[in-house]
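S.K.: So I've got this file, run-v9.cif, and it contains mmCIF, C-alpha atoms:
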```cif
data_target
loop_
_atom_site.label_atom_id
_atom_site.label_comp_id
_atom_site.auth_asym_id
_atom_site.auth_seq_id
_atom_site.Cartn_x
_atom_site.Cartn_y
_atom_site.Cartn_z
CA MET A 1 0.00 0.00 0.00
CA ASP A 2 1.14 3.56 -0.64
CA ARG A 3 2.20 6.01 2.02
CA LEU A 4 -0.74 8.39 1.59
CA SER A 5 -3.28 5.59 1.73
CA GLU A 6 -1.58 4.26 4.84
CA THR A 7 -1.73 7.69 6.41
CA PHE A 8 -5.49 7.89 5.82
CA GLN A 9 -6.04 4.40 7.20
CA ALA A 10 -3.89 5.10 10.23
CA LEU A 11 -5.96 8.21 10.95
CA ALA A 12 -9.28 6.41 10.55
CA ASP A 13 -9.07 4.86 14.03
CA PRO A 14 -10.00 6.89 17.16
CA THR A 15 -7.46 5.11 19.41
CA ARG A 16 -4.67 5.91 16.99
CA ARG A 17 -5.78 9.53 16.82
CA ALA A 18 -5.73 9.66 20.63
CA ILE A 19 -2.20 8.22 20.60
CA LEU A 20 -1.11 10.91 18.14
CA ALA A 21 -2.70 13.58 20.30
CA ARG A 22 -0.68 12.36 23.29
CA LEU A 23 2.52 12.25 21.28
CA ALA A 24 1.93 15.83 20.19
CA LEU A 25 2.79 16.74 23.80
CA GLY A 26 6.10 14.86 23.74
CA GLU A 27 7.79 11.46 23.53
CA ASN A 28 6.16 8.56 25.34
CA SER A 29 7.02 4.94 26.03
CA VAL A 30 4.62 2.17 25.00
CA ASN A 31 3.69 1.69 28.65
CA GLN A 32 2.91 5.38 29.08
CA LEU A 33 0.81 5.33 25.91
CA ALA A 34 -1.13 2.25 27.02
CA GLU A 35 -2.07 3.78 30.37
CA PRO A 36 -5.15 5.84 29.43
CA PHE A 37 -6.60 3.07 27.25
CA ASP A 38 -8.33 -0.02 28.49
CA MET A 39 -6.13 -2.15 26.27
CA SER A 40 -3.40 -4.74 26.48
CA LEU A 41 0.17 -3.81 25.63
CA PRO A 42 0.16 -6.00 22.50
CA ALA A 43 -3.01 -4.25 21.29
CA VAL A 44 -1.38 -0.84 21.75
CA SER A 45 1.78 -2.11 20.06
CA LYS A 46 -0.30 -3.13 17.08
CA HIS A 47 -1.70 0.41 16.75
CA LEU A 48 1.82 1.81 17.07
CA LYS A 49 3.00 -0.42 14.25
CA VAL A 50 0.26 0.93 11.98
CA LEU A 51 1.25 4.50 12.87
CA GLU A 52 4.91 3.73 12.37
CA ARG A 53 4.30 2.15 8.95
CA ALA A 54 2.32 5.23 7.92
CA GLY A 55 5.32 7.33 8.92
CA LEU A 56 3.30 9.24 11.50
CA ILE A 57 5.51 8.22 14.40
CA SER A 58 9.03 6.96 14.82
CA ARG A 59 10.56 4.82 17.55
CA THR A 60 14.12 5.17 18.54
CA ARG A 61 16.18 1.98 18.61
CA GLU A 62 18.67 3.32 21.12
CA ALA A 63 16.91 3.40 24.45
CA GLN A 64 15.63 0.10 25.77
CA TYR A 65 12.06 1.31 26.27
CA ARG A 66 11.99 2.62 22.68
CA PRO A 67 10.08 5.90 23.12
CA CYS A 68 7.64 6.93 20.37
CA LYS A 69 7.87 10.30 18.69
CA LEU A 70 5.39 12.11 16.45
CA GLU A 71 6.47 12.76 12.84
CA PRO A 72 4.00 15.55 11.92
CA GLN A 73 5.53 16.33 8.51
CA ASN A 74 3.92 13.18 7.13
CA LEU A 75 0.47 14.59 7.76
CA LYS A 76 1.10 17.27 5.15
CA PRO A 77 -0.14 15.40 2.05
CA VAL A 78 -3.47 14.80 3.75
CA ASP A 79 -3.82 18.48 4.58
CA GLU A 80 -2.92 19.42 1.02
CA TRP A 81 -5.64 17.18 -0.35
CA LEU A 82 -8.21 18.65 2.02
CA ASP A 83 -7.06 22.16 1.09
CA ASP A 84 -7.69 21.49 -2.59
CA PHE A 85 -11.07 20.02 -1.80
CA ARG A 86 -11.99 23.11 0.23
CA THR A 87 -10.93 25.46 -2.56
CA LEU A 88 -13.18 23.67 -5.02
CA TRP A 89 -16.17 23.83 -2.68
CA GLU A 90 -15.62 27.51 -1.89
CA ALA A 91 -15.69 28.23 -5.63
CA ARG A 92 -18.84 26.17 -6.00
CA LEU A 93 -20.56 28.06 -3.18
CA ASP A 94 -19.53 31.39 -4.75
CA ARG A 95 -21.28 30.28 -7.91
CA LEU A 96 -24.36 29.20 -5.93
CA ASP A 97 -24.43 32.61 -4.24
CA GLY A 98 -24.60 34.33 -7.63
CA TYR A 99 -27.16 31.87 -8.94
CA LEU A 100 -29.45 32.44 -5.96
CA LYS A 101 -29.29 36.21 -6.56
CA LYS A 102 -30.26 35.66 -10.18
CA LEU A 103 -33.18 33.43 -9.22
CA GLN A 104 -34.50 36.00 -6.78
CA ARG A 105 -34.21 38.85 -9.26
CA ARG A 106 -36.19 36.79 -11.72
CA ASP A 107 -38.86 35.93 -9.17
CA PRO A 108 -38.91 38.48 -6.30
CA LYS A 109 -41.50 36.44 -4.45
CA ARG A 110 -38.75 33.91 -3.74
CA THR A 111 -36.92 36.35 -1.50
CA LYS A 112 -39.52 35.76 1.20
CA ARG A 113 -39.25 32.86 3.55
CA ALA A 114 -41.88 30.18 3.00
CA ARG A 115 -43.84 29.37 6.14
CA MET B 1 -18.39 34.65 4.69
CA ASN B 2 -16.77 32.51 7.24
CA MET B 3 -14.32 29.74 6.47
CA GLN B 4 -12.99 27.27 8.87
CA SER B 5 -11.09 24.11 8.41
CA ASN B 6 -10.11 21.72 11.09
CA MET B 7 -6.82 20.07 10.32
CA ASP B 8 -5.65 19.61 13.84
CA ILE B 9 -3.86 16.37 14.56
CA HIS B 10 -5.98 16.02 17.70
CA GLY B 11 -9.12 15.62 15.68
CA GLU B 12 -10.14 13.76 12.58
CA ARG B 13 -8.92 14.73 9.17
CA SER B 14 -11.99 16.74 8.42
CA LEU B 15 -13.00 19.99 6.90
CA THR B 16 -15.82 22.41 7.67
CA ILE B 17 -17.07 25.16 5.40
CA THR B 18 -19.63 27.62 6.73
CA ARG B 19 -21.52 30.01 4.49
CA VAL B 20 -24.51 32.33 4.82
CA LEU B 21 -26.47 32.45 1.57
CA LYS B 22 -28.79 35.42 1.06
CA ALA B 23 -31.89 33.46 0.17
CA PRO B 24 -34.69 31.74 2.08
CA ARG B 25 -34.07 28.19 3.20
CA ASP B 26 -36.70 26.60 0.94
CA LEU B 27 -35.08 28.13 -2.15
CA VAL B 28 -31.58 27.12 -1.05
CA TRP B 29 -32.84 23.58 -0.48
CA GLU B 30 -34.28 23.49 -4.01
CA THR B 31 -30.94 24.55 -5.51
CA TRP B 32 -29.22 21.67 -3.69
CA THR B 33 -31.73 18.98 -4.56
CA GLN B 34 -33.15 19.72 -8.02
CA ILE B 35 -31.13 18.75 -11.04
CA ASN B 36 -32.02 21.79 -13.16
CA HIS B 37 -30.69 24.02 -10.36
CA LEU B 38 -27.62 21.90 -9.52
CA LYS B 39 -26.52 22.06 -13.14
CA GLU B 40 -26.31 25.86 -12.85
CA TRP B 41 -23.88 26.08 -9.95
CA TRP B 42 -22.02 22.77 -9.61
CA GLY B 43 -19.06 23.84 -11.69
CA PRO B 44 -16.96 26.76 -10.47
CA GLU B 45 -17.16 29.97 -12.57
CA ARG B 46 -16.65 29.28 -16.32
CA PHE B 47 -16.98 25.52 -15.82
CA THR B 48 -20.02 23.72 -17.21
CA THR B 49 -21.91 20.65 -16.07
CA PRO B 50 -22.99 18.78 -19.23
CA VAL B 51 -24.27 15.77 -17.27
CA MET B 52 -26.31 15.90 -14.07
CA GLU B 53 -28.67 12.99 -13.71
CA GLY B 54 -30.22 10.89 -10.99
CA GLU B 55 -32.27 11.74 -7.94
CA VAL B 56 -31.60 13.33 -4.57
CA ARG B 57 -33.27 10.94 -2.15
CA LYS B 58 -32.10 8.50 0.49
CA GLY B 59 -30.26 5.71 -1.31
CA GLY B 60 -30.32 7.65 -4.57
CA GLU B 61 -27.37 8.94 -6.53
CA LEU B 62 -26.37 11.73 -8.85
CA ARG B 63 -24.08 11.08 -11.81
CA ILE B 64 -22.24 14.24 -12.70
CA VAL B 65 -19.83 15.27 -15.42
CA MET B 66 -18.13 18.62 -15.08
CA ARG B 67 -16.12 20.36 -17.80
CA GLY B 68 -13.52 23.12 -17.59
CA PRO B 69 -13.28 26.30 -19.72
CA LYS B 70 -12.62 25.76 -23.45
CA GLY B 71 -8.91 25.59 -24.23
CA SER B 72 -7.94 25.18 -20.58
CA PRO B 73 -6.30 21.97 -19.29
CA TRP B 74 -9.71 21.06 -17.81
CA ASP B 75 -11.47 21.14 -21.14
CA LYS B 76 -12.41 17.48 -20.71
CA ASP B 77 -14.92 15.33 -18.88
CA LEU B 78 -14.48 15.33 -15.10
CA PRO B 79 -16.93 12.69 -13.86
CA MET B 80 -18.15 11.93 -10.34
CA VAL B 81 -20.94 10.20 -8.46
CA MET B 82 -22.66 11.39 -5.29
CA ARG B 83 -24.49 8.76 -3.26
CA PHE B 84 -27.06 10.00 -0.76
CA ARG B 85 -27.12 8.35 2.64
CA GLU B 86 -29.56 10.73 4.29
CA VAL B 87 -32.01 13.34 3.00
CA VAL B 88 -34.01 15.36 5.56
CA PRO B 89 -36.16 17.80 3.53
CA GLY B 90 -35.18 21.43 4.07
CA LYS B 91 -32.64 20.52 6.71
CA LYS B 92 -29.90 18.05 5.97
CA LEU B 93 -28.05 16.09 3.28
CA VAL B 94 -25.49 13.36 3.88
CA PHE B 95 -23.64 12.02 0.85
CA GLU B 96 -20.59 10.06 -0.16
CA ASN B 97 -18.67 12.12 -2.63
CA GLU B 98 -16.59 10.15 -4.99
CA PRO B 99 -14.88 11.91 -7.84
CA LEU B 100 -14.48 9.28 -10.51
CA GLY B 101 -11.42 8.61 -12.59
CA PRO B 102 -11.37 8.61 -16.39
CA SER B 103 -12.67 5.03 -16.48
CA GLY B 104 -15.20 5.54 -13.72
CA GLU B 105 -13.07 4.24 -10.88
CA LYS B 106 -13.54 5.46 -7.36
CA LEU B 107 -10.72 7.75 -6.25
CA ILE B 108 -11.62 9.33 -2.95
CA GLU B 109 -13.77 8.12 -0.11
CA GLY B 110 -15.26 11.00 1.73
CA LEU B 111 -18.48 11.52 3.66
CA THR B 112 -20.06 14.97 3.54
CA THR B 113 -22.83 16.33 5.74
CA VAL B 114 -24.58 19.57 4.80
CA THR B 115 -27.04 21.26 7.16
CA PHE B 116 -29.39 24.15 6.35
CA ASP B 117 -30.66 26.56 9.01
CA ASP B 118 -32.56 29.85 9.03
CA HIS B 119 -30.32 32.87 9.54
CA PRO B 120 -31.23 36.60 9.90
CA ASP B 121 -29.55 37.21 6.50
CA GLY B 122 -30.94 34.13 4.78
CA THR B 123 -29.74 30.57 5.20
CA LEU B 124 -26.80 29.20 7.12
CA VAL B 125 -25.12 26.31 5.30
CA VAL B 126 -22.60 24.20 7.18
CA MET B 127 -20.73 21.56 5.24
CA THR B 128 -18.46 19.01 6.88
CA THR B 129 -16.37 16.49 4.96
CA ASP B 130 -14.43 13.64 6.51
CA ALA B 131 -11.69 12.35 4.28
CA LYS B 132 -11.77 8.63 4.78
CA ALA B 133 -9.32 7.28 2.27
CA LEU B 134 -7.75 7.56 -1.11
CA THR B 135 -8.21 4.43 -3.15
CA GLU B 136 -5.48 2.56 -5.00
CA PRO B 137 -6.19 4.05 -8.45
CA ALA B 138 -6.03 7.54 -6.94
CA LEU B 139 -2.67 6.87 -5.39
CA THR B 140 -1.29 5.41 -8.56
CA MET B 141 -2.35 8.53 -10.39
CA ILE B 142 -1.10 10.97 -7.81
CA GLU B 143 2.28 9.34 -7.51
CA GLY B 144 2.86 7.89 -10.93
CA MET B 145 1.22 9.99 -13.60
CA ASN B 146 1.46 13.55 -14.74
CA GLN B 147 -1.90 13.74 -16.46
CA GLY B 148 -4.07 11.80 -14.03
CA TRP B 149 -7.45 12.91 -12.85
CA ALA B 150 -6.29 13.26 -9.27
CA GLN B 151 -3.71 15.81 -10.34
CA THR B 152 -6.27 17.46 -12.54
CA PHE B 153 -8.41 17.87 -9.47
CA ASP B 154 -5.56 19.53 -7.58
CA LYS B 155 -4.77 21.82 -10.49
CA LEU B 156 -8.40 22.70 -10.85
CA ALA B 157 -8.59 23.80 -7.25
CA ARG B 158 -5.47 25.93 -7.65
CA TYR B 159 -6.70 27.40 -10.94
CA VAL B 160 -9.93 28.40 -9.28
CA THR B 161 -8.08 30.16 -6.46
CA LYS B 162 -5.86 32.10 -8.83
CA ASN B 163 -8.40 33.08 -11.44
CA LEU B 164 -11.51 34.04 -9.55
#
```
What does this structure look like when you write it as structure tokens?
M.R.:
Amino acid sequence: MDRLSETFQALADPTRRAILARLALGENSVNQLAEPFDMSLPAVSKHLKVLERAGLISRTREAQYRPCKLEPQNLKPVDEWLDDFRTLWEARLDRLDGYLKKLQRRDPKRTKRAR
Amino acid sequence: MNMQSNMDIHGERSLTITRVLKAPRDLVWETWTQINHLKEWWGPERFTTPVMEGEVRKGGELRIVMRGPKGSPWDKDLPMVMRFREVVPGKKLVFENEPLGPSGEKLIEGLTTVTFDDHPDGTLVVMTTDAKALTEPALTMIEGMNQGWAQTFDKLARYVTKNL
């Protein structure tokens, strides 16, 4: 699977998003990350693997407890896609705005709210 | 006009657009749900919508083909399908928006909710889109091709920003 697709999939899960939110505050060990969740260590490790594969976190190999670190730069492609999508919709709504004005000029009765 | 997008890593990858349209809610609803109206505003300025068919109802779908200005790089068919999951008359629309690739393949999975409310100046429209996933064909196009639809979509958005 491609990186971008992996990023989307990694973000689709609420537990993984919560893990990312925690890592935004600083490095954490697997044990520290598991704490707030009612989940076994292996289950948390599995989520971490998904995040790691998507490039959203990294784990240092040096320290024995292998702390996890957020890699926010890999969220950029997702933001770029959403940005493009927003631009298109803003343009569409501009057009709708103009169209509604035209409709109401043509039929002034339509400016009143129907009850 | 008020724009807001939520791209915080603490939340979902989602996007919210808020707009007040100066028209009564029943008219705004008609423009979002009747094909003859949708055709008039679906494409950004100078784009046309040669195909708009189907029905806005729960479980229904709209098949849409958009076309860019003559002579521009978007002077070709840009197809998509919208599938309606929820239709609450006058109030709310929930649809899957799936821009389609040149051979009709699904490129982006996104779920969009649009709500309509009365506002002192007309109608308040709030649109929220959750980006669920990019499908394999989309990724292939984004990463491998120069002329793919996915890139076209990006360029289109940028063109619109620059030219309007």
S.K.: Could you jot down the atom CA of Val114 of chain B to atom CA of Asp26 of chain B separation for me, Å, one decimal place?
M.R.: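 Distance between the two atoms: 14.5 Å.
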S.K.: Enter the distance from atom CA of Leu11 of chain A to atom CA of Met82 of chain B, in Å, rounded to one decimal.
M.R.: 23.5 Å
S.K.: Excluding Arg63 of chain B and residues on its chain fewer than 6 positions from it, collect all residues at most 12 Å away from it, counting only C-alpha atoms, and give them as an NGL selection string.
M.R.: :B and (35 or 38-39 or 49-56 or 78-84 or 97-100 or 104)
S.K.: If we count all atoms listed in the file, what is near segment 92-96 of chain B at a cut-off of 12 Å, once residues fewer than 5 positions away on the same chain are taken out, given as an NGL selection string?
M.R.: :B and (25 or 28-29 or 32-33 or 56-62 or 80-87 or 106-117 or 124-133)
S.K.: On this structure, which residues satisfy the PyMOL selection byres ((chain A and resi 57) around 10), written as a ChimeraX atom specification?
M.R.: /A:19-20,23,27,48-56,58-59,68-72,74
